[in-house]
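**Q** Sending over a structure as structure tokens; questions will come in a sec.
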Amino acid sequence: MTGSNIRARLAADPELGAGNVLPKLFEHGADPDGPGAAFDTPVDGYPAWQQLSLGQLRERVAARAAWWHAHGIGPRDPVAIHVSDAADCLLNFLALAWLGAIPALMNTYLPGDIAAEYIRRLRGVALVTDPEHRDRLAGLDLGLALHADAAAVGTADPAAAPAPYRHHPDDPIAITHSSGTTRMPAAVVHSNASLFAATRLFRLTAPRARGAERILSALPAAHAAGISALNMALCLRSDLLLLSTQNDGPAVVRAIERWRPSGVLGFAATWAQLARQDLTAHDLDSVSLWFNTGDCAHEPHIRRLVAAGSRETVTREGVRRTPGSSFVDGLGSTEMGHSAFHITHTTATSRYGRCVGVPHGFADVALLDTATGEQVPVGEVGQLGLKAPTLAPGYWNDSAATYRNRLRGYYLTGDLMYRDEEGYYFHVDRAVDAVDLGGGEWLYTAMSEERILARCPDVHDCTVVSAEVGGRVVTDVLLALHADADPGPDRTPAVRAALTDAAAATLRRVVLISEADLITGPTGKVRKFLMRQRHRAETAGV
């Protein structure tokens with residue numbers, strides 16, 4: 001059966017969702033010898049980097065489903081997955097979903113004390129770990145009846161697996177967590193329908209996009225985006241390699257050279273890492289598409305990436321492969337389930353300034369004045385409200401958080417944005433990071449950082465730190481330079497010129513920091529509040 005035929009059958013199946021893609025593929029006649037998934041680590045005797053066929057993938061998942069079933073795991077049982085390898089994470093996700101259980105995927109980089117508290121709050125029945133994470137959790141009370149070894153879970157007989165659970169659209173099929181950049185990670189529950197809605201609505205009903213033939217995912221496997229990447233590739237019948245690391249730029253570049261993908265998926269932190277590399281020294285010609293989700297990406301990073309790779313373009317002589325790639329940017333979050341916006345950049349585009357493009361057709365977006373609940377006019381900043389079938393139903397074991405962020409039927413994402421006359425949306429900051437300067441003026445830290453990066457090409461990353469001193473707001477700007485940049489010149493004039501007049505009036509100093517001084521969270525995102533806390537402590541009384 002051709003890929004387009006199987007996509008049509010999948011699209012017509014109302015029971016298909018994020019928790020049952022694998023069994024549904026076989027139900028609708030997918031070729032067992034077709035593409036399954038490849039991992040960067042060995043899987044049950046299969047070597048790393050070797051793509052498992054769909055049939056081999058099903059067998060490895062069935063073995064794990066049989067093991068969990070034999071140990072009493074069944075429908076609605078929450079099971080935490082805390083492992084390093086993408087293979088251990090996603091094979092156990094597929095196996096637990098096979099049983100109707102609720103896998104709770106945990107980021108591999110969570111510190112032990114936070115991971116233990118998170119597990120306790122889940123009130124789950126079981127946990128699977130590898131040696132690294134068992135050691136990290138050693139001696140901590142987890143309140144679990146079963147603590148499984150990831151190496152043992154794949155040893156059961158696949159034939160002993162029960163028939164796959166039949167999912168309802170509203171069934172919970174996974175718990176993933178927020179990035180935890182400001183607090184204990186929030187446990188977000190996803191339904192069979194919500195985490196598959198974007199794939200159903202515009203991936204299955206259109207021809208497979210150029211760049212989706214052979215995909216490398218540098219997304220965290222334990223994130224909702226990692227689940228979606230796997231399901232999308234399976235449904236599109238694309239080749240897929242899932243990496244276990246995202247915060248190592250050189251490793252991702254090496255993987256691209258080795259795997260030769262046509263498309264690369266990642267978060268903004270991954271693009272920042274890649275942009276630090278001399279991409280001209282590497283063979284990236286296979287890449288025609290970079291796809292970003294989560295935080296919107298920075299202009300300098302996008303420009304470096306679209307200058308690499310190559311893509312097919314239509315010329316008078318026909319379709320030709322030309323230098324330069326495309327970068328699809330957007331804005332999403334764990335709770336949003338999928339990017340709500342999209343914009344495509346090439347070497348010829350110039351709409352930047354944290355422009356996230358226009359909403360997807362499934363997204364009903366509004367920029368709201370949270371004091372009144374009314375929409376703000378064009379050009380004014382409001383908080384993003386979203387209605388969409390992709391939205392997560394809520395937070396696991398936390399109904400207060402589930403309802404706290406709802407206003408007039410919209411989910412409040414915590415993002416501050418404005419819309420221009422042409423209908424394009426621009427992200428200026430997170431609401432928790434914006435600083436009220438009084439008199440109707442605001443310091444938007446994310447937009448300030450974007451302006452500085454665009455103005456100062458030798459700056460790799462920057463963090464804006466504001467505090468109230470003597471009754472007025474003062475701002476320090478922390479700059480991390482590219483490795484070949486000269487640290488000698490005073491960059492204060494350039495930084496001041498990049499800021500708005502109101503923000504520039506608060507500038508106190510510009511400080512050079514090293515890459516090692518950047519504090520990042522589990523997904524590689526800079527933990528601004530910790531950067532600010534540390535800097536304020538270091539400069540107290542200055």
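Ligands are numbered from 1 in the order shown, chains are lettered A, B, ... in the order of the structure tokens, and residues start at 1 in each chain.
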Quick one: everything within 10 Å of Leu481 of chain A, counting only C-alpha atoms, minus sequence neighbours fewer than 2 positions away in the same chain. Send it as a VMD selection string.
**A** chain A and resid 276 456 to 462 478 to 479 483 to 487 512 to 515
**Q** Produce a file of the selected residues containing N, CA and C atoms, as a PDB file, in the first residue's frame.
**A**
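Ended up saving to again22.pdb:
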```pdb
ATOM      1  N   ARG A 276      26.373  28.197  16.907  1.00  0.00           N
ATOM      2  CA  ARG A 276      27.732  28.425  17.423  1.00  0.00           C
ATOM      3  C   ARG A 276      28.788  27.708  16.591  1.00  0.00           C
ATOM      4  N   CYS A 456      24.265  43.055  17.463  1.00  0.00           N
ATOM      5  CA  CYS A 456      25.645  42.687  17.836  1.00  0.00           C
ATOM      6  C   CYS A 456      25.953  41.286  17.312  1.00  0.00           C
ATOM      7  N   PRO A 457      26.452  41.144  16.106  1.00  0.00           N
ATOM      8  CA  PRO A 457      26.631  39.824  15.491  1.00  0.00           C
ATOM      9  C   PRO A 457      27.653  38.932  16.188  1.00  0.00           C
ATOM     10  N   ASP A 458      28.540  39.505  17.003  1.00  0.00           N
ATOM     11  CA  ASP A 458      29.511  38.658  17.691  1.00  0.00           C
ATOM     12  C   ASP A 458      29.003  38.169  19.048  1.00  0.00           C
ATOM     13  N   VAL A 459      27.745  38.486  19.381  1.00  0.00           N
ATOM     14  CA  VAL A 459      27.126  38.008  20.624  1.00  0.00           C
ATOM     15  C   VAL A 459      26.328  36.751  20.319  1.00  0.00           C
ATOM     16  N   HIS A 460      26.620  35.682  21.062  1.00  0.00           N
ATOM     17  CA  HIS A 460      25.918  34.417  20.858  1.00  0.00           C
ATOM     18  C   HIS A 460      24.611  34.365  21.643  1.00  0.00           C
ATOM     19  N   ASP A 461      24.632  34.843  22.874  1.00  0.00           N
ATOM     20  CA  ASP A 461      23.438  34.816  23.715  1.00  0.00           C
ATOM     21  C   ASP A 461      23.503  35.985  24.677  1.00  0.00           C
ATOM     22  N   CYS A 462      22.333  36.406  25.144  1.00  0.00           N
ATOM     23  CA  CYS A 462      22.315  37.488  26.118  1.00  0.00           C
ATOM     24  C   CYS A 462      21.128  37.321  27.044  1.00  0.00           C
ATOM     25  N   LEU A 478      23.726  40.862  30.219  1.00  0.00           N
ATOM     26  CA  LEU A 478      24.780  39.854  30.277  1.00  0.00           C
ATOM     27  C   LEU A 478      24.975  39.271  28.887  1.00  0.00           C
ATOM     28  N   LEU A 479      26.185  39.377  28.365  1.00  0.00           N
ATOM     29  CA  LEU A 479      26.482  38.944  27.005  1.00  0.00           C
ATOM     30  C   LEU A 479      27.425  37.750  26.999  1.00  0.00           C
ATOM     31  N   ALA A 483      32.911  32.316  20.171  1.00  0.00           N
ATOM     32  CA  ALA A 483      34.260  31.917  20.588  1.00  0.00           C
ATOM     33  C   ALA A 483      35.346  32.764  19.943  1.00  0.00           C
ATOM     34  N   ASP A 484      35.124  33.240  18.709  1.00  0.00           N
ATOM     35  CA  ASP A 484      36.160  34.001  18.010  1.00  0.00           C
ATOM     36  C   ASP A 484      36.002  35.514  18.178  1.00  0.00           C
ATOM     37  N   ALA A 485      35.085  35.941  19.048  1.00  0.00           N
ATOM     38  CA  ALA A 485      34.843  37.375  19.228  1.00  0.00           C
ATOM     39  C   ALA A 485      35.909  37.994  20.129  1.00  0.00           C
ATOM     40  N   ASP A 486      36.232  39.250  19.866  1.00  0.00           N
ATOM     41  CA  ASP A 486      37.195  39.999  20.671  1.00  0.00           C
ATOM     42  C   ASP A 486      36.472  40.552  21.907  1.00  0.00           C
ATOM     43  N   PRO A 487      36.896  40.148  23.115  1.00  0.00           N
ATOM     44  CA  PRO A 487      36.203  40.633  24.311  1.00  0.00           C
ATOM     45  C   PRO A 487      36.562  42.070  24.687  1.00  0.00           C
ATOM     46  N   LEU A 512      30.209  40.938  30.302  1.00  0.00           N
ATOM     47  CA  LEU A 512      30.549  39.752  29.516  1.00  0.00           C
ATOM     48  C   LEU A 512      30.583  38.534  30.420  1.00  0.00           C
ATOM     49  N   ILE A 513      29.923  37.460  29.988  1.00  0.00           N
ATOM     50  CA  ILE A 513      29.938  36.204  30.719  1.00  0.00           C
ATOM     51  C   ILE A 513      30.392  35.109  29.769  1.00  0.00           C
ATOM     52  N   SER A 514      30.781  33.977  30.328  1.00  0.00           N
ATOM     53  CA  SER A 514      31.192  32.844  29.498  1.00  0.00           C
ATOM     54  C   SER A 514      29.992  31.958  29.212  1.00  0.00           C
ATOM     55  N   GLU A 515      30.136  31.081  28.244  1.00  0.00           N
ATOM     56  CA  GLU A 515      29.075  30.132  27.926  1.00  0.00           C
ATOM     57  C   GLU A 515      28.739  29.291  29.155  1.00  0.00           C
TER      58      GLU A 515
END
```
**Q** I'd like the contact shell of Thr334 of chain A - 12 Å cut-off, only C-alpha atoms, skipping same-chain residues fewer than 6 positions apart - returned as a short mmCIF file (atom, residue, chain, number, x, y, z; two decimals) with N, CA and C atoms, in the first residue's frame.
**A**
```cif
data_model
loop_
_atom_site.label_atom_id
_atom_site.label_comp_id
_atom_site.auth_asym_id
_atom_site.auth_seq_id
_atom_site.Cartn_x
_atom_site.Cartn_y
_atom_site.Cartn_z
N ALA A 174 -0.74 10.27 27.93
CA ALA A 174 0.61 10.62 28.37
C ALA A 174 0.55 11.79 29.32
N ILE A 175 1.54 11.85 30.18
CA ILE A 175 1.79 13.02 31.02
C ILE A 175 3.20 13.47 30.69
N THR A 176 3.34 14.71 30.28
CA THR A 176 4.67 15.29 30.11
C THR A 176 4.74 16.53 30.99
N HIS A 177 5.93 17.08 31.12
CA HIS A 177 6.00 18.23 32.02
C HIS A 177 6.57 19.45 31.33
N SER A 178 6.24 20.59 31.90
CA SER A 178 6.76 21.86 31.42
C SER A 178 8.26 21.90 31.62
N SER A 179 8.89 22.95 31.07
CA SER A 179 10.35 23.03 31.15
C SER A 179 10.86 23.25 32.55
N GLY A 180 10.01 23.72 33.46
CA GLY A 180 10.45 23.93 34.84
C GLY A 180 11.47 25.02 34.98
N PRO A 185 8.43 21.53 37.79
CA PRO A 185 7.76 21.27 36.52
C PRO A 185 6.29 20.91 36.72
N ALA A 186 5.44 21.46 35.88
CA ALA A 186 4.01 21.16 35.95
C ALA A 186 3.70 19.93 35.12
N ALA A 187 2.94 19.00 35.67
CA ALA A 187 2.60 17.75 34.98
C ALA A 187 1.39 17.99 34.09
N VAL A 188 1.61 17.93 32.78
CA VAL A 188 0.57 18.23 31.80
C VAL A 188 0.05 16.92 31.23
N VAL A 189 -1.27 16.73 31.26
CA VAL A 189 -1.86 15.50 30.75
C VAL A 189 -2.36 15.73 29.33
N HIS A 190 -2.11 14.75 28.46
CA HIS A 190 -2.51 14.83 27.06
C HIS A 190 -3.51 13.72 26.76
N SER A 194 -6.16 15.16 21.71
CA SER A 194 -5.51 16.48 21.73
C SER A 194 -4.09 16.44 21.17
N LEU A 195 -3.32 15.43 21.54
CA LEU A 195 -1.93 15.39 21.11
C LEU A 195 -1.78 14.91 19.67
N PRO A 220 13.52 16.74 22.63
CA PRO A 220 13.59 15.82 23.78
C PRO A 220 12.54 14.71 23.63
N ALA A 222 11.27 12.91 25.81
CA ALA A 222 10.32 12.92 26.92
C ALA A 222 9.36 14.10 26.87
N HIS A 223 9.41 14.89 25.83
CA HIS A 223 8.52 16.05 25.68
C HIS A 223 7.33 15.65 24.81
N ALA A 224 6.23 16.39 24.95
CA ALA A 224 5.08 16.16 24.07
C ALA A 224 5.48 16.25 22.61
N ALA A 225 6.43 17.14 22.29
CA ALA A 225 6.89 17.28 20.92
C ALA A 225 7.62 16.04 20.45
N GLY A 226 8.30 15.34 21.35
CA GLY A 226 8.97 14.09 20.98
C GLY A 226 7.97 13.02 20.61
N ILE A 227 6.88 12.91 21.37
CA ILE A 227 5.82 11.96 21.03
C ILE A 227 5.21 12.31 19.67
N SER A 228 4.94 13.59 19.47
CA SER A 228 4.32 14.02 18.22
C SER A 228 5.23 13.77 17.02
N THR A 293 9.79 24.38 17.24
CA THR A 293 8.59 24.54 18.05
C THR A 293 9.03 24.95 19.45
N GLY A 294 8.06 25.21 20.33
CA GLY A 294 8.38 25.75 21.64
C GLY A 294 8.60 27.25 21.54
N ASP A 295 9.67 27.75 22.17
CA ASP A 295 10.00 29.17 22.06
C ASP A 295 10.34 29.52 20.62
N ALA A 340 1.01 27.06 17.70
CA ALA A 340 -0.24 27.69 17.26
C ALA A 340 -0.01 28.60 16.05
N THR A 390 -5.80 21.10 20.03
CA THR A 390 -4.50 20.59 20.45
C THR A 390 -4.24 20.81 21.93
N LEU A 391 -5.02 21.65 22.58
CA LEU A 391 -4.77 22.01 23.97
C LEU A 391 -4.84 20.80 24.90
N ALA A 392 -3.89 20.73 25.81
CA ALA A 392 -3.93 19.67 26.82
C ALA A 392 -5.15 19.87 27.72
N PRO A 393 -5.78 18.79 28.16
CA PRO A 393 -6.97 18.93 29.01
C PRO A 393 -6.70 19.62 30.34
N GLY A 394 -5.46 19.53 30.84
CA GLY A 394 -5.17 20.18 32.13
C GLY A 394 -3.90 19.64 32.75
N TYR A 395 -3.79 19.88 34.06
CA TYR A 395 -2.61 19.46 34.82
C TYR A 395 -2.98 18.26 35.70
N THR A 413 -1.61 31.44 27.77
CA THR A 413 -0.32 30.76 27.62
C THR A 413 0.79 31.41 28.44
N THR A 523 15.38 21.38 29.30
CA THR A 523 15.23 21.37 27.84
C THR A 523 16.27 22.24 27.15
#
```
**Q** Between A:Ala268, A:Ala446, A:Ala18, A:Ile302, single out the one closest to Asp171 of chain A, counting only C-alpha atoms.
**A** A:Ala18
**Q** Would you kindly return, as a PyMOL selection string, each protein, DNA or RNA residue with an atom no farther than 8 Å from any atom of Gly385 of chain A, considering only C-alpha atoms and excluding same-chain residues fewer than 6 positions away?
**A** chain A and resi 365-368+407+410-413
**Q** I'd like the neighbourhood of His28 of chain A as number ranges by chain, where a residue qualifies if any of its atoms comes within 12 Å (using only C-alpha atoms), though same-chain residues fewer than 6 positions away should be ignored.
**A** A: 1-3, 5-13, 16, 21-22, 235
**Q** Once DSSP has gone over the backbone, tell me which residues of segment 270-330 of chain A are in strand (DSSP E or B), as a count of residues only.
**A** 21
**Q** Which residue, A:Ser262, A:Pro42, A:His69, A:His133, has the smallest gap to Ile81 of chain A when you use only C-alpha atoms?
**A**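 Between A:Ser262, A:Pro42, A:His69, A:His133, the residue approaching Ile81 of chain A most closely is A:His133.
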**Q** For atom CA of Leu216 of chain A and atom CA of Leu242 of chain A, quote the distance in Å rounded to one decimal.
**A**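 Pair atom CA of Leu216 of chain A / atom CA of Leu242 of chain A returns 6.2 Å.
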**Q** Between A:Arg455, A:Ile73, A:Gly471, A:Ile215, which one has atoms that come closest to Leu499 of chain A, using only C-alpha atoms?
**A**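 The answer is A:Arg455, which sits nearest to Leu499 of chain A.
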**Q** Work out how far apart atom CA of Glu299 of chain A and atom CA of Ala498 of chain A are and give it in Å to one decimal.
**A**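 These atoms are spaced 14.2 Å apart.
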**Q** So how far away is atom CA of Ala233 of chain A from atom CA of Glu213 of chain A, in Å?
**A** 8.7 Å
**Q** Which residues are near Ala145 of chain A? Cut-off 10 Å, only C-alpha atoms, ignore same chain within fewer than 4 positions. Put them as a PyMOL selection string.
**A** chain A and resi 124-127
**Q** Tell me which protein, DNA and RNA residues are within 10 Å of Val253 of chain A, counting only C-alpha atoms, leaving out same-chain ones fewer than 5 positions away, and put them as a list of chain:residue names.
**A**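 After dropping sequence-adjacent residues, the list is A:Asp248, A:Arg258, A:Trp259, A:Gln273, A:Leu274, A:Gln277, A:Leu279, A:His282, A:Asp283, A:Leu284.
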